[in-house]
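Chemist: Have a peek at target.tsv (TSV, C-alpha atoms and all ligand atoms).
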chain	number	residue	atom	x	y	z
A	1203	MET	CA	-8.53	40.78	-39.22
A	1204	LYS	CA	-7.77	41.34	-35.56
A	1205	TYR	CA	-7.24	44.96	-34.52
A	1206	TYR	CA	-5.08	45.91	-31.57
A	1207	PHE	CA	-4.79	49.34	-30.01
A	1208	ALA	CA	-1.20	50.19	-29.10
A	1209	PRO	CA	-0.12	51.03	-25.57
A	1210	PHE	CA	0.78	54.66	-24.83
A	1211	GLU	CA	2.34	55.24	-21.46
A	1212	GLY	CA	0.71	58.26	-19.80
A	1213	ILE	CA	-2.11	58.39	-22.36
A	1214	SER	CA	-3.97	55.14	-23.06
A	1215	TRP	CA	-4.90	54.34	-19.46
A	1216	TYR	CA	-8.22	52.80	-18.49
A	1217	LEU	CA	-10.22	56.05	-18.49
A	1218	TYR	CA	-9.00	56.82	-22.00
A	1219	ARG	CA	-9.61	53.27	-23.27
A	1220	ASN	CA	-13.16	53.13	-21.92
A	1221	LEU	CA	-14.11	56.51	-23.23
A	1222	ALA	CA	-12.64	55.93	-26.70
A	1223	ALA	CA	-14.50	52.61	-26.90
A	1224	LYS	CA	-17.73	54.33	-25.85
A	1225	HIS	CA	-17.53	57.02	-28.55
A	1226	PHE	CA	-15.90	55.08	-31.37
A	1227	GLU	CA	-15.49	51.55	-32.72
A	1228	ALA	CA	-13.47	49.64	-30.15
A	1229	ALA	CA	-10.34	47.66	-30.89
A	1230	ASP	CA	-10.43	43.89	-30.41
A	1231	VAL	CA	-7.50	44.04	-28.00
A	1232	TYR	CA	-5.88	46.80	-25.94
A	1233	VAL	CA	-2.32	46.20	-24.78
A	1234	THR	CA	-1.88	48.30	-21.64
A	1235	PRO	CA	0.97	50.75	-21.10
A	1236	PHE	CA	3.88	48.94	-19.50
A	1237	ILE	CA	3.98	47.92	-15.87
A	1238	ALA	CA	7.47	47.74	-14.39
A	1239	PRO	CA	7.79	45.24	-11.53
A	1240	ASN	CA	9.29	46.95	-8.49
A	1241	GLN	CA	11.72	45.59	-5.93
A	1242	MET	CA	8.87	44.87	-3.53
A	1243	ARG	CA	7.38	42.75	-6.32
A	1244	SER	CA	4.04	44.36	-5.75
A	1245	ILE	CA	2.14	46.12	-8.50
A	1246	ARG	CA	1.89	49.88	-7.95
A	1247	GLU	CA	-1.60	51.01	-7.01
A	1248	SER	CA	-1.94	53.15	-10.14
A	1249	ASP	CA	-0.93	50.20	-12.35
A	1250	LYS	CA	-3.32	47.92	-10.51
A	1251	LYS	CA	-6.14	50.39	-11.02
A	1252	ASP	CA	-5.35	50.50	-14.72
A	1253	ILE	CA	-5.81	46.76	-15.19
A	1254	LEU	CA	-8.52	45.95	-12.64
A	1255	PRO	CA	-11.20	43.95	-14.50
A	1256	GLU	CA	-13.94	46.21	-13.11
A	1257	ASN	CA	-12.18	49.18	-14.71
A	1258	ASN	CA	-12.02	47.42	-18.06
A	1259	ARG	CA	-15.45	45.89	-18.46
A	1260	ASN	CA	-16.25	44.99	-22.08
A	1261	LEU	CA	-12.66	45.60	-23.16
A	1262	HIS	CA	-10.19	42.84	-23.95
A	1263	ILE	CA	-6.95	44.01	-22.39
A	1264	ILE	CA	-3.54	42.39	-22.22
A	1265	PRO	CA	-1.36	43.78	-19.42
A	1266	GLN	CA	2.14	44.62	-20.60
A	1267	LEU	CA	5.24	44.11	-18.47
A	1268	ILE	CA	8.71	45.55	-18.90
A	1269	GLY	CA	11.84	44.31	-17.16
A	1270	ASN	CA	14.90	42.12	-17.47
A	1271	ARG	CA	14.57	39.93	-14.40
A	1272	ALA	CA	12.58	36.83	-15.14
A	1273	ASP	CA	11.82	36.19	-11.46
A	1274	GLU	CA	10.30	39.65	-11.06
A	1275	ILE	CA	8.30	39.30	-14.28
A	1276	VAL	CA	7.00	35.88	-13.21
A	1277	ASP	CA	6.01	37.15	-9.75
A	1278	THR	CA	4.20	40.15	-11.18
A	1279	ALA	CA	2.56	38.07	-13.92
A	1280	ASN	CA	1.27	35.70	-11.24
A	1281	GLN	CA	-0.37	38.60	-9.44
A	1282	ILE	CA	-1.93	39.60	-12.75
A	1283	TYR	CA	-3.13	36.01	-13.16
A	1284	GLU	CA	-4.76	36.22	-9.73
A	1285	MET	CA	-6.62	39.29	-10.98
A	1286	GLY	CA	-8.17	37.15	-13.70
A	1287	TYR	CA	-5.84	37.47	-16.70
A	1288	GLN	CA	-4.42	34.54	-18.65
A	1289	GLU	CA	-2.03	36.49	-20.85
A	1290	ILE	CA	0.75	39.03	-20.53
A	1291	ASN	CA	2.68	40.97	-23.14
A	1292	LEU	CA	6.41	41.61	-22.79
A	1293	ASN	CA	7.83	44.95	-23.88
A	1294	PHE	CA	10.97	44.54	-26.04
A	1295	GLY	CA	10.41	47.83	-27.82
A	1296	CYS	CA	10.69	50.82	-25.51
A	1297	PRO	CA	13.49	53.00	-26.98
A	1298	SER	CA	13.93	55.41	-24.06
A	1299	GLY	CA	17.58	56.00	-23.14
A	1300	THR	CA	17.13	55.28	-19.43
A	1301	VAL	CA	15.18	52.08	-20.14
A	1302	VAL	CA	17.60	50.77	-22.77
A	1303	ALA	CA	20.62	51.60	-20.57
A	1304	LYS	CA	19.21	49.13	-18.02
A	1305	ASN	CA	18.84	46.46	-20.72
A	1306	LYS	CA	15.08	46.71	-20.59
A	1307	GLY	CA	12.60	47.40	-23.38
A	1308	ALA	CA	14.47	47.45	-26.71
A	1309	GLY	CA	17.67	47.16	-24.63
A	1310	ILE	CA	16.97	43.46	-24.23
A	1311	LEU	CA	17.57	42.99	-27.97
A	1312	ARG	CA	21.24	43.94	-27.48
A	1313	ASP	CA	22.22	40.56	-26.07
A	1314	LEU	CA	20.46	37.63	-27.68
A	1315	TYR	CA	21.95	35.05	-25.30
A	1316	PHE	CA	20.53	37.02	-22.41
A	1317	MET	CA	17.21	37.47	-24.21
A	1318	GLU	CA	16.91	33.73	-24.83
A	1319	LYS	CA	17.66	32.88	-21.19
A	1320	PHE	CA	15.22	35.55	-20.02
A	1321	LEU	CA	12.44	34.20	-22.23
A	1322	TYR	CA	13.26	30.64	-21.19
A	1323	ASP	CA	12.95	31.52	-17.50
A	1324	VAL	CA	9.74	33.51	-17.99
A	1325	PHE	CA	8.24	30.59	-19.93
A	1326	GLU	CA	9.34	28.08	-17.28
A	1327	GLY	CA	7.58	30.19	-14.66
A	1328	LEU	CA	4.36	30.85	-16.54
A	1329	LYS	CA	3.86	28.35	-19.35
A	1330	ASP	CA	1.42	26.12	-17.47
A	1331	HIS	CA	-1.11	28.85	-16.80
A	1332	MET	CA	-0.40	31.97	-18.86
A	1333	LYS	CA	0.02	32.89	-22.50
A	1334	ILE	CA	2.91	35.17	-23.40
A	1335	SER	CA	3.11	37.60	-26.29
A	1336	VAL	CA	5.96	39.97	-27.12
A	1337	LYS	CA	5.93	43.46	-28.61
A	1338	THR	CA	9.30	43.99	-30.23
A	1339	ARG	CA	11.38	46.23	-32.42
A	1340	ILE	CA	13.38	44.70	-35.27
A	1341	GLY	CA	16.78	45.61	-33.86
A	1342	VAL	CA	18.75	48.08	-31.84
A	1343	THR	CA	20.74	49.94	-34.47
A	1344	ASP	CA	20.35	47.99	-37.69
A	1345	ALA	CA	17.62	45.94	-39.35
A	1346	ASP	CA	20.29	43.31	-40.12
A	1347	GLU	CA	19.83	42.18	-36.53
A	1348	TRP	CA	16.28	41.02	-37.23
A	1349	GLU	CA	16.99	37.51	-38.59
A	1350	ASP	CA	18.86	36.51	-35.44
A	1351	ILE	CA	16.28	38.13	-33.16
A	1352	LEU	CA	13.46	36.29	-34.91
A	1353	GLN	CA	15.35	33.03	-34.58
A	1354	VAL	CA	15.29	33.44	-30.81
A	1355	PHE	CA	11.55	34.17	-30.76
A	1356	ASN	CA	11.02	31.07	-32.92
A	1357	GLN	CA	12.26	28.89	-30.08
A	1358	PHE	CA	9.27	29.87	-27.96
A	1359	SER	CA	5.57	29.41	-28.29
A	1360	LEU	CA	4.32	32.97	-28.20
A	1361	SER	CA	0.64	33.75	-28.46
A	1362	GLU	CA	1.62	36.64	-30.73
A	1363	LEU	CA	4.68	38.51	-31.88
A	1364	ILE	CA	3.77	42.17	-32.31
A	1365	ILE	CA	6.33	43.80	-34.57
A	1366	HIS	CA	6.96	47.53	-34.43
A	1367	ALA	CA	8.98	47.49	-37.62
A	1368	ARG	CA	11.65	49.98	-36.58
A	1369	VAL	CA	15.00	49.69	-34.86
A	1370	ARG	CA	15.49	51.29	-31.45
A	1371	LYS	CA	17.77	53.96	-32.93
A	1372	ASP	CA	14.83	55.28	-34.99
A	1373	PHE	CA	12.62	55.92	-31.94
A	1374	TYR	CA	9.35	56.85	-33.72
A	1375	LYS	CA	10.85	58.43	-36.85
A	1376	GLY	CA	11.65	57.13	-40.32
A	1377	LYS	CA	9.66	54.64	-42.33
A	1378	PRO	CA	8.82	51.27	-40.79
A	1379	ASN	CA	10.79	48.49	-42.44
A	1380	TRP	CA	8.27	46.45	-44.40
A	1381	ASP	CA	10.95	44.01	-45.60
A	1382	ALA	CA	11.50	43.02	-41.98
A	1383	PHE	CA	7.77	42.46	-41.51
A	1384	SER	CA	7.66	40.47	-44.75
A	1385	TYR	CA	10.55	38.32	-43.49
A	1386	ALA	CA	8.65	37.68	-40.27
A	1387	LEU	CA	5.44	36.77	-42.11
A	1388	GLU	CA	7.38	34.11	-43.97
A	1389	ASN	CA	9.66	32.92	-41.20
A	1390	SER	CA	8.00	33.43	-37.83
A	1391	LYS	CA	6.79	30.27	-36.13
A	1392	ASN	CA	4.48	32.46	-34.06
A	1393	PRO	CA	1.51	34.51	-35.29
A	1394	VAL	CA	2.64	38.03	-36.13
A	1395	CYS	CA	0.92	41.39	-35.75
A	1396	TYR	CA	2.06	44.46	-37.70
A	1397	ASN	CA	2.64	47.81	-35.98
A	1398	GLY	CA	3.98	51.10	-37.33
A	1399	ASP	CA	2.71	54.25	-39.07
A	1400	LEU	CA	-0.84	53.19	-39.92
A	1401	PHE	CA	-2.27	56.71	-39.98
A	1402	SER	CA	-5.06	56.36	-42.54
A	1403	VAL	CA	-7.32	53.92	-44.32
A	1404	ALA	CA	-4.96	54.21	-47.31
A	1405	ASP	CA	-1.95	53.20	-45.16
A	1406	TYR	CA	-3.88	50.20	-43.87
A	1407	GLU	CA	-5.04	49.14	-47.33
A	1408	LYS	CA	-1.55	49.43	-48.74
A	1409	LEU	CA	-0.25	47.15	-46.01
A	1410	ILE	CA	-2.95	44.55	-46.59
A	1411	GLN	CA	-2.52	44.67	-50.37
A	1412	THR	CA	1.23	44.25	-49.98
A	1413	PHE	CA	0.91	41.52	-47.35
A	1414	PRO	CA	-2.43	39.72	-47.80
A	1415	LYS	CA	-1.36	37.13	-45.22
A	1416	THR	CA	-1.52	39.73	-42.43
A	1417	GLN	CA	-3.97	38.60	-39.77
A	1418	SER	CA	-3.60	41.28	-37.14
A	1419	VAL	CA	-2.52	44.89	-36.98
A	1420	MET	CA	-1.87	47.24	-34.10
A	1421	LEU	CA	-3.03	50.82	-34.59
A	1422	GLY	CA	-1.02	53.41	-32.67
A	1423	ARG	CA	-0.61	57.15	-33.14
A	1424	GLY	CA	-2.98	56.99	-36.12
A	1425	MET	CA	-5.83	55.94	-33.87
A	1426	LEU	CA	-4.82	58.32	-31.09
A	1427	ALA	CA	-5.03	61.17	-33.58
A	1428	ASN	CA	-8.18	59.92	-35.26
A	1429	PRO	CA	-10.13	57.84	-32.74
A	1430	ALA	CA	-12.52	56.83	-35.55
A	1431	LEU	CA	-9.71	55.28	-37.62
A	1432	LEU	CA	-10.85	51.73	-37.01
A	1433	GLU	CA	-14.40	52.68	-37.93
A	1434	GLU	CA	-13.11	54.20	-41.15
A	1435	ILE	CA	-11.03	51.09	-41.91
A	1436	LYS	CA	-14.11	48.91	-41.43
A	1437	GLY	CA	-16.24	51.32	-43.50
A	1438	LEU	CA	-18.61	51.92	-40.58
A	1439	GLY	CA	-18.34	55.65	-40.08
A	1440	LYS	CA	-16.17	58.71	-40.22
A	1441	LEU	CA	-14.70	61.23	-37.85
A	1442	ASP	CA	-16.57	64.51	-37.65
A	1443	LYS	CA	-16.25	67.59	-35.47
A	1444	GLN	CA	-19.34	66.92	-33.36
A	1445	ARG	CA	-18.11	63.50	-32.36
A	1446	MET	CA	-14.63	64.77	-31.65
A	1447	ARG	CA	-16.12	67.57	-29.55
A	1448	ALA	CA	-18.30	65.14	-27.58
A	1449	PHE	CA	-15.27	62.89	-26.98
A	1450	HIS	CA	-13.17	65.85	-25.89
A	1451	ASP	CA	-15.82	67.28	-23.57
A	1452	GLU	CA	-16.46	64.01	-21.82
A	1453	MET	CA	-12.74	63.36	-21.44
A	1454	LEU	CA	-12.17	66.79	-19.90
A	1455	ALA	CA	-15.08	66.32	-17.49
A	1456	MET	CA	-13.84	62.86	-16.54
A	1457	TYR	CA	-10.26	63.98	-15.98
A	1458	LYS	CA	-11.50	66.88	-13.84
A	1459	GLU	CA	-13.36	64.34	-11.76
A	1460	HIS	CA	-10.58	61.74	-11.48
A	1461	LEU	CA	-7.32	63.70	-11.51
A	1462	TYR	CA	-6.05	65.86	-8.75
A	1463	GLY	CA	-5.59	69.54	-9.55
A	1464	GLU	CA	-6.05	71.81	-12.53
A	1465	ILE	CA	-2.43	71.53	-13.69
A	1466	THR	CA	-2.61	67.75	-13.86
A	1467	VAL	CA	-5.79	67.89	-15.94
A	1468	LEU	CA	-4.27	70.55	-18.18
A	1469	HIS	CA	-1.13	68.47	-18.66
A	1470	LYS	CA	-3.13	65.37	-19.64
A	1471	MET	CA	-5.26	67.29	-22.12
A	1472	LYS	CA	-2.19	68.95	-23.66
A	1473	GLU	CA	-0.61	65.53	-24.15
A	1474	ILE	CA	-3.54	64.19	-26.16
A	1475	TRP	CA	-3.79	67.33	-28.30
A	1476	ARG	CA	-0.30	66.51	-29.66
A	1477	TYR	CA	-2.16	63.79	-31.61
A	1478	TRP	CA	-5.65	65.26	-32.01
A	1479	SER	CA	-4.24	68.46	-33.55
A	1480	LEU	CA	-3.02	66.36	-36.50
A	1481	VAL	CA	-6.57	65.73	-37.72
A	1482	PHE	CA	-7.50	69.43	-37.91
A	1483	ASP	CA	-6.38	71.83	-40.60
A	1484	LYS	CA	-4.45	74.64	-38.81
A	1485	GLY	CA	-4.25	72.15	-35.92
A	1486	ASP	CA	-0.56	72.85	-35.52
A	1487	ALA	CA	-1.08	76.53	-34.70
A	1488	TYR	CA	-3.79	75.66	-32.19
A	1489	PHE	CA	-1.66	72.94	-30.62
A	1490	LYS	CA	0.94	75.62	-29.87
A	1491	LYS	CA	-1.72	77.83	-28.29
A	1492	ILE	CA	-3.08	74.93	-26.26
A	1493	GLY	CA	0.46	74.21	-25.08
A	1494	LYS	CA	0.79	77.78	-23.83
A	1495	SER	CA	-2.48	77.89	-21.89
A	1496	LYS	CA	-1.88	78.22	-18.17
A	1497	SER	CA	-5.36	77.57	-16.82
A	1498	LEU	CA	-8.36	75.50	-17.79
A	1499	VAL	CA	-10.30	78.68	-18.59
A	1500	GLU	CA	-7.60	79.71	-21.08
A	1501	TYR	CA	-7.43	76.15	-22.42
A	1502	GLN	CA	-11.20	75.98	-22.91
A	1503	ALA	CA	-11.19	79.26	-24.87
A	1504	VAL	CA	-8.51	77.98	-27.28
A	1505	VAL	CA	-10.30	74.67	-27.73
A	1506	ASN	CA	-13.60	76.47	-28.41
A	1507	ALA	CA	-11.86	78.56	-31.07
A	1508	LEU	CA	-10.30	75.46	-32.61
A	1509	PHE	CA	-13.64	73.71	-32.90
A	1510	ALA	CA	-15.23	76.86	-34.34
A	1511	GLU	CA	-12.51	77.64	-36.85
A	1512	CYS	CA	-10.80	74.41	-37.92
A	1513	ARG	CA	-12.03	71.65	-40.13
A	1514	ILE	CA	-11.25	67.98	-39.92
A	1515	ARG	CA	-8.67	67.21	-42.59
A	1516	GLU	CA	-9.77	65.01	-45.49
B	1601	LIG	C1	4.07	58.58	-25.85
B	1601	LIG	C2	4.25	57.14	-26.23
B	1601	LIG	C3	4.11	56.16	-25.25
B	1601	LIG	C4	4.28	54.79	-25.58
B	1601	LIG	N1	4.15	53.83	-24.61
B	1601	LIG	C5	4.33	52.53	-24.92
B	1601	LIG	C6	4.20	51.48	-23.94
B	1601	LIG	O1	3.90	51.72	-22.75
B	1601	LIG	N2	4.42	50.19	-24.35
B	1601	LIG	C7	4.72	49.88	-25.65
B	1601	LIG	O2	4.89	48.70	-25.98
B	1601	LIG	N3	4.82	50.84	-26.60
B	1601	LIG	C8	4.62	52.13	-26.27
B	1601	LIG	N4	4.71	53.08	-27.25
B	1601	LIG	C9	4.87	52.67	-28.67
B	1601	LIG	C10	3.49	52.51	-29.36
B	1601	LIG	O3	2.70	51.53	-28.71
B	1601	LIG	C11	3.65	52.07	-30.85
B	1601	LIG	O4	4.34	50.86	-30.89
B	1601	LIG	C12	4.40	53.11	-31.67
B	1601	LIG	O5	3.83	54.39	-31.54
B	1601	LIG	C13	4.45	52.71	-33.15
B	1601	LIG	O6	3.16	52.58	-33.69
B	1601	LIG	P1	2.49	53.79	-34.55
B	1601	LIG	O7	3.51	54.17	-35.59
B	1601	LIG	O8	1.25	53.17	-35.11
B	1601	LIG	O9	2.23	54.89	-33.59
B	1601	LIG	C14	4.57	54.44	-26.92
B	1601	LIG	C15	4.70	55.44	-27.90
B	1601	LIG	C16	4.55	56.76	-27.58
B	1601	LIG	C17	4.69	57.80	-28.66
Written as structure tokens, that's how I'd like the structure from this file.

Modeler:
Amino acid sequence: MKYYFAPFEGISWYLYRNLAAKHFEAADVYVTPFIAPNQMRSIRESDKKDILPENNRNLHIIPQLIGNRADEIVDTANQIYEMGYQEINLNFGCPSGTVVAKNKGAGILRDLYFMEKFLYDVFEGLKDHMKISVKTRIGVTDADEWEDILQVFNQFSLSELIIHARVRKDFYKGKPNWDAFSYALENSKNPVCYNGDLFSVADYEKLIQTFPKTQSVMLGRGMLANPALLEEIKGLGKLDKQRMRAFHDEMLAMYKEHLYGEITVLHKMKEIWRYWSLVFDKGDAYFKKIGKSKSLVEYQAVVNALFAECRIRE
């Protein structure tokens, strides 16, 4: 089985990826949060920093691009190639209103003629030197769209088709559509990777028992919440409070060192607690308190109380 870690814009940047891989079992592949080519066709400094090989030593990362202009994607991908990467991932899944309105992310799935031409042009520009994978949703408003979408993907030689088995309309809610994944397992000409709602070992096992042909899975919010999820899936270890505390403390110290200003550090820590709070009993109440803290001193006091008073959920 190949294990991917899902991209999380604003969260799973290189500092996070490195630290998680230091404290817990690392994923085989990390797809980066999306990079949007700009009009100058240069990669923003912060995006560049995120994918620089020296910032991702010992991690296998695949830079992700989002856009709807093949020429911009090809230009940016070529700069990524120059940095030493032979593969990019295309984002056909972002559900955000502003992104979709510009026919980017999941918005690209709205017009399959356009999508086909876009993929054709990207392949023409990159096929001799780069592999291309896609991370997609199964439709915009209805899973009935999936057959036609898959037919378009089948015309191209993708290194992988990562399927977040929801339609755009669902954002991150509702149950992933396993029938759509099953259809892809049977009908995709490209290797497929499953993504969606794998929060526990039991979720993972149910997926594998239902679809024994599955060869790769992408862990998302489940592994953000429980950074030891992959270890638990492999039967190598378990999350405990000491390890979570050590991970937290090093992350806080690192963000203090790398980010500018107390508010920025506080904001980043609050963002990750949205997920971490899920693994603690009474985590919800503490997440609210963490959200209200206005300084790092206040934050630290709430976090200390959480670690003293809450247990990791079974
Ligand atoms: C805050 C947030 C940021 C995300 N950023 C990205 C992104 O940059 N690129 C992408 O392909 N998916 C992104 N996703 C989607 C996740 O990678 C993943 O596909 C989704 O959470 C479903 O998997 P899960 O149910 O295992 O979490 C994001 C999701 C969230 C909640």

Chemist: Name the residues, using the chain letters and numbers of the file, that sit within 8 Å of (9.3, 33.2, -14.8) when counting all atoms listed in the file, and give them as a ChimeraX atom specification.

Modeler: /A:1272-1277,1322-1328

Chemist: As a ChimeraX atom specification, please: the residues near A:Met1446 (cut-off 10 Å, all atoms listed in the file, same-chain neighbours under 6 positions excluded).

Modeler: /A:1225-1226,1428-1430,1478,1509,1514

Chemist: May I ask you to write as a ChimeraX atom specification all residues lying at most 7 Å from ligand LIG 1601 (chain B), with all atoms listed in the file counted?

Modeler: /A:1208-1212,1234-1236,1293,1295-1296,1337,1366,1374,1397-1401,1420-1424

Chemist: Between A:Leu1480, A:Ile1282, A:Ile1268, A:Ala1510, single out the one closest to A:Ser1244, counting all atoms listed in the file.

Modeler: A:Ile1282

Chemist: Give me the residues near A:Met1471 as an NGL selection string, where near means some atom within 9 Å (using all atoms listed in the file) and where sequence neighbours in that chain fewer than 6 positions away do not count.

Modeler: :A and (1450 or 1453-1454 or 1457 or 1492)

Chemist: Can you tell me how far atom CA of A:Tyr1206 sits from atom CA of A:Arg1219, in Å to one decimal?

Modeler: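 We find that atom CA of A:Tyr1206 and atom CA of A:Arg1219 lie 12.0 Å from each other.
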
Chemist: Just want the 10 Å neighbourhood of A:Phe1358, counted on all atoms listed in the file, with same-chain residues fewer than 5 positions away dropped. Output as a PDB file with C-alpha atoms, keeping the file's coordinate frame.

Modeler:
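Listed below is the output, around-v4.pdb:
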ATOM      1  CA  GLU A1318      16.910  33.730 -24.830  1.00  0.00           C
ATOM      2  CA  LEU A1321      12.440  34.200 -22.230  1.00  0.00           C
ATOM      3  CA  TYR A1322      13.260  30.640 -21.190  1.00  0.00           C
ATOM      4  CA  PHE A1325       8.240  30.590 -19.930  1.00  0.00           C
ATOM      5  CA  ILE A1334       2.910  35.170 -23.400  1.00  0.00           C
ATOM      6  CA  GLN A1353      15.350  33.030 -34.580  1.00  0.00           C
ATOM      7  CA  LYS A1391       6.790  30.270 -36.130  1.00  0.00           C
ATOM      8  CA  ASN A1392       4.480  32.460 -34.060  1.00  0.00           C
TER       9      ASN A1392
END

Chemist: So that I can see what lies close to A:Glu1256, please list as an mmCIF file with C-alpha atoms, in the coordinates of the input the residues with an atom at most 12 Å from it, counting all atoms listed in the file and leaving out residues fewer than 6 positions away in the same chain.

Modeler:
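Final file, selection06.cif:
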data_model
loop_
_atom_site.group_PDB
_atom_site.id
_atom_site.type_symbol
_atom_site.label_atom_id
_atom_site.label_comp_id
_atom_site.auth_asym_id
_atom_site.auth_seq_id
_atom_site.Cartn_x
_atom_site.Cartn_y
_atom_site.Cartn_z
ATOM 1 C CA TYR A 1216 -8.220 52.800 -18.490
ATOM 2 C CA LEU A 1217 -10.220 56.050 -18.490
ATOM 3 C CA ASN A 1220 -13.160 53.130 -21.920
ATOM 4 C CA LYS A 1250 -3.320 47.920 -10.510
ATOM 5 C CA HIS A 1262 -10.190 42.840 -23.950
ATOM 6 C CA ILE A 1263 -6.950 44.010 -22.390
ATOM 7 C CA MET A 1285 -6.620 39.290 -10.980
ATOM 8 C CA GLY A 1286 -8.170 37.150 -13.700
#

Chemist: Compile the contact shell of stretch 1497-1501 of chain A as a PyMOL selection string: residues with an atom at most 8 Å away, counting all atoms listed in the file, same-chain residues fewer than 3 positions apart removed.

Modeler: chain A and resi 1464-1465+1468+1492+1504-1505

Chemist: Quick check, in Å to one decimal: how far apart do atom CA of A:Ser1214 and atom CA of A:Leu1426 lie?

Modeler: 8.7 Å

Chemist: Report, in Å to a single decimal, how far apart atom CA of A:Ser1418 and atom CA of A:Met1317 are.

Modeler: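 Computed distance, atom CA of A:Met1317 to atom CA of A:Ser1418, equals 24.8 Å.
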
Chemist: Would it be fine to have stretch 1425-1438 of chain A, with N, CA and C atoms, given as a PDB file, in the first residue's frame?

Modeler:
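So the final result, stored in result.pdb, reads:
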ATOM      1  N   MET A1425      -5.295  12.307   9.578  1.00  0.00           N
ATOM      2  CA  MET A1425      -3.885  12.296   9.983  1.00  0.00           C
ATOM      3  C   MET A1425      -3.425  13.665  10.473  1.00  0.00           C
ATOM      4  N   LEU A1426      -4.193  14.695  10.157  1.00  0.00           N
ATOM      5  CA  LEU A1426      -3.916  16.000  10.773  1.00  0.00           C
ATOM      6  C   LEU A1426      -4.301  15.918  12.242  1.00  0.00           C
ATOM      7  N   ALA A1427      -5.481  15.333  12.491  1.00  0.00           N
ATOM      8  CA  ALA A1427      -5.973  15.232  13.869  1.00  0.00           C
ATOM      9  C   ALA A1427      -5.093  14.279  14.684  1.00  0.00           C
ATOM     10  N   ASN A1428      -4.849  13.121  14.123  1.00  0.00           N
ATOM     11  CA  ASN A1428      -4.023  12.122  14.797  1.00  0.00           C
ATOM     12  C   ASN A1428      -2.775  11.890  13.950  1.00  0.00           C
ATOM     13  N   PRO A1429      -1.689  12.592  14.262  1.00  0.00           N
ATOM     14  CA  PRO A1429      -0.493  12.468  13.417  1.00  0.00           C
ATOM     15  C   PRO A1429       0.132  11.076  13.453  1.00  0.00           C
ATOM     16  N   ALA A1430      -0.333  10.225  14.394  1.00  0.00           N
ATOM     17  CA  ALA A1430       0.170   8.846  14.453  1.00  0.00           C
ATOM     18  C   ALA A1430      -0.755   7.877  13.701  1.00  0.00           C
ATOM     19  N   LEU A1431      -1.695   8.407  12.936  1.00  0.00           N
ATOM     20  CA  LEU A1431      -2.672   7.518  12.278  1.00  0.00           C
ATOM     21  C   LEU A1431      -1.994   6.470  11.389  1.00  0.00           C
ATOM     22  N   LEU A1432      -1.008   6.900  10.632  1.00  0.00           N
ATOM     23  CA  LEU A1432      -0.356   5.942   9.735  1.00  0.00           C
ATOM     24  C   LEU A1432       0.372   4.856  10.534  1.00  0.00           C
ATOM     25  N   GLU A1433       0.973   5.264  11.629  1.00  0.00           N
ATOM     26  CA  GLU A1433       1.637   4.314  12.511  1.00  0.00           C
ATOM     27  C   GLU A1433       0.633   3.296  13.051  1.00  0.00           C
ATOM     28  N   GLU A1434      -0.540   3.783  13.393  1.00  0.00           N
ATOM     29  CA  GLU A1434      -1.579   2.906  13.929  1.00  0.00           C
ATOM     30  C   GLU A1434      -2.071   1.952  12.836  1.00  0.00           C
ATOM     31  N   ILE A1435      -2.224   2.487  11.615  1.00  0.00           N
ATOM     32  CA  ILE A1435      -2.661   1.639  10.493  1.00  0.00           C
ATOM     33  C   ILE A1435      -1.643   0.524  10.247  1.00  0.00           C
ATOM     34  N   LYS A1436      -0.368   0.879  10.348  1.00  0.00           N
ATOM     35  CA  LYS A1436       0.681  -0.125  10.093  1.00  0.00           C
ATOM     36  C   LYS A1436       0.957  -1.006  11.321  1.00  0.00           C
ATOM     37  N   GLY A1437       0.276  -0.694  12.434  1.00  0.00           N
ATOM     38  CA  GLY A1437       0.488  -1.481  13.658  1.00  0.00           C
ATOM     39  C   GLY A1437       1.837  -1.221  14.299  1.00  0.00           C
ATOM     40  N   LEU A1438       2.390  -0.034  14.109  1.00  0.00           N
ATOM     41  CA  LEU A1438       3.734   0.258  14.614  1.00  0.00           C
ATOM     42  C   LEU A1438       3.738   1.012  15.940  1.00  0.00           C
TER      43      LEU A1438
END
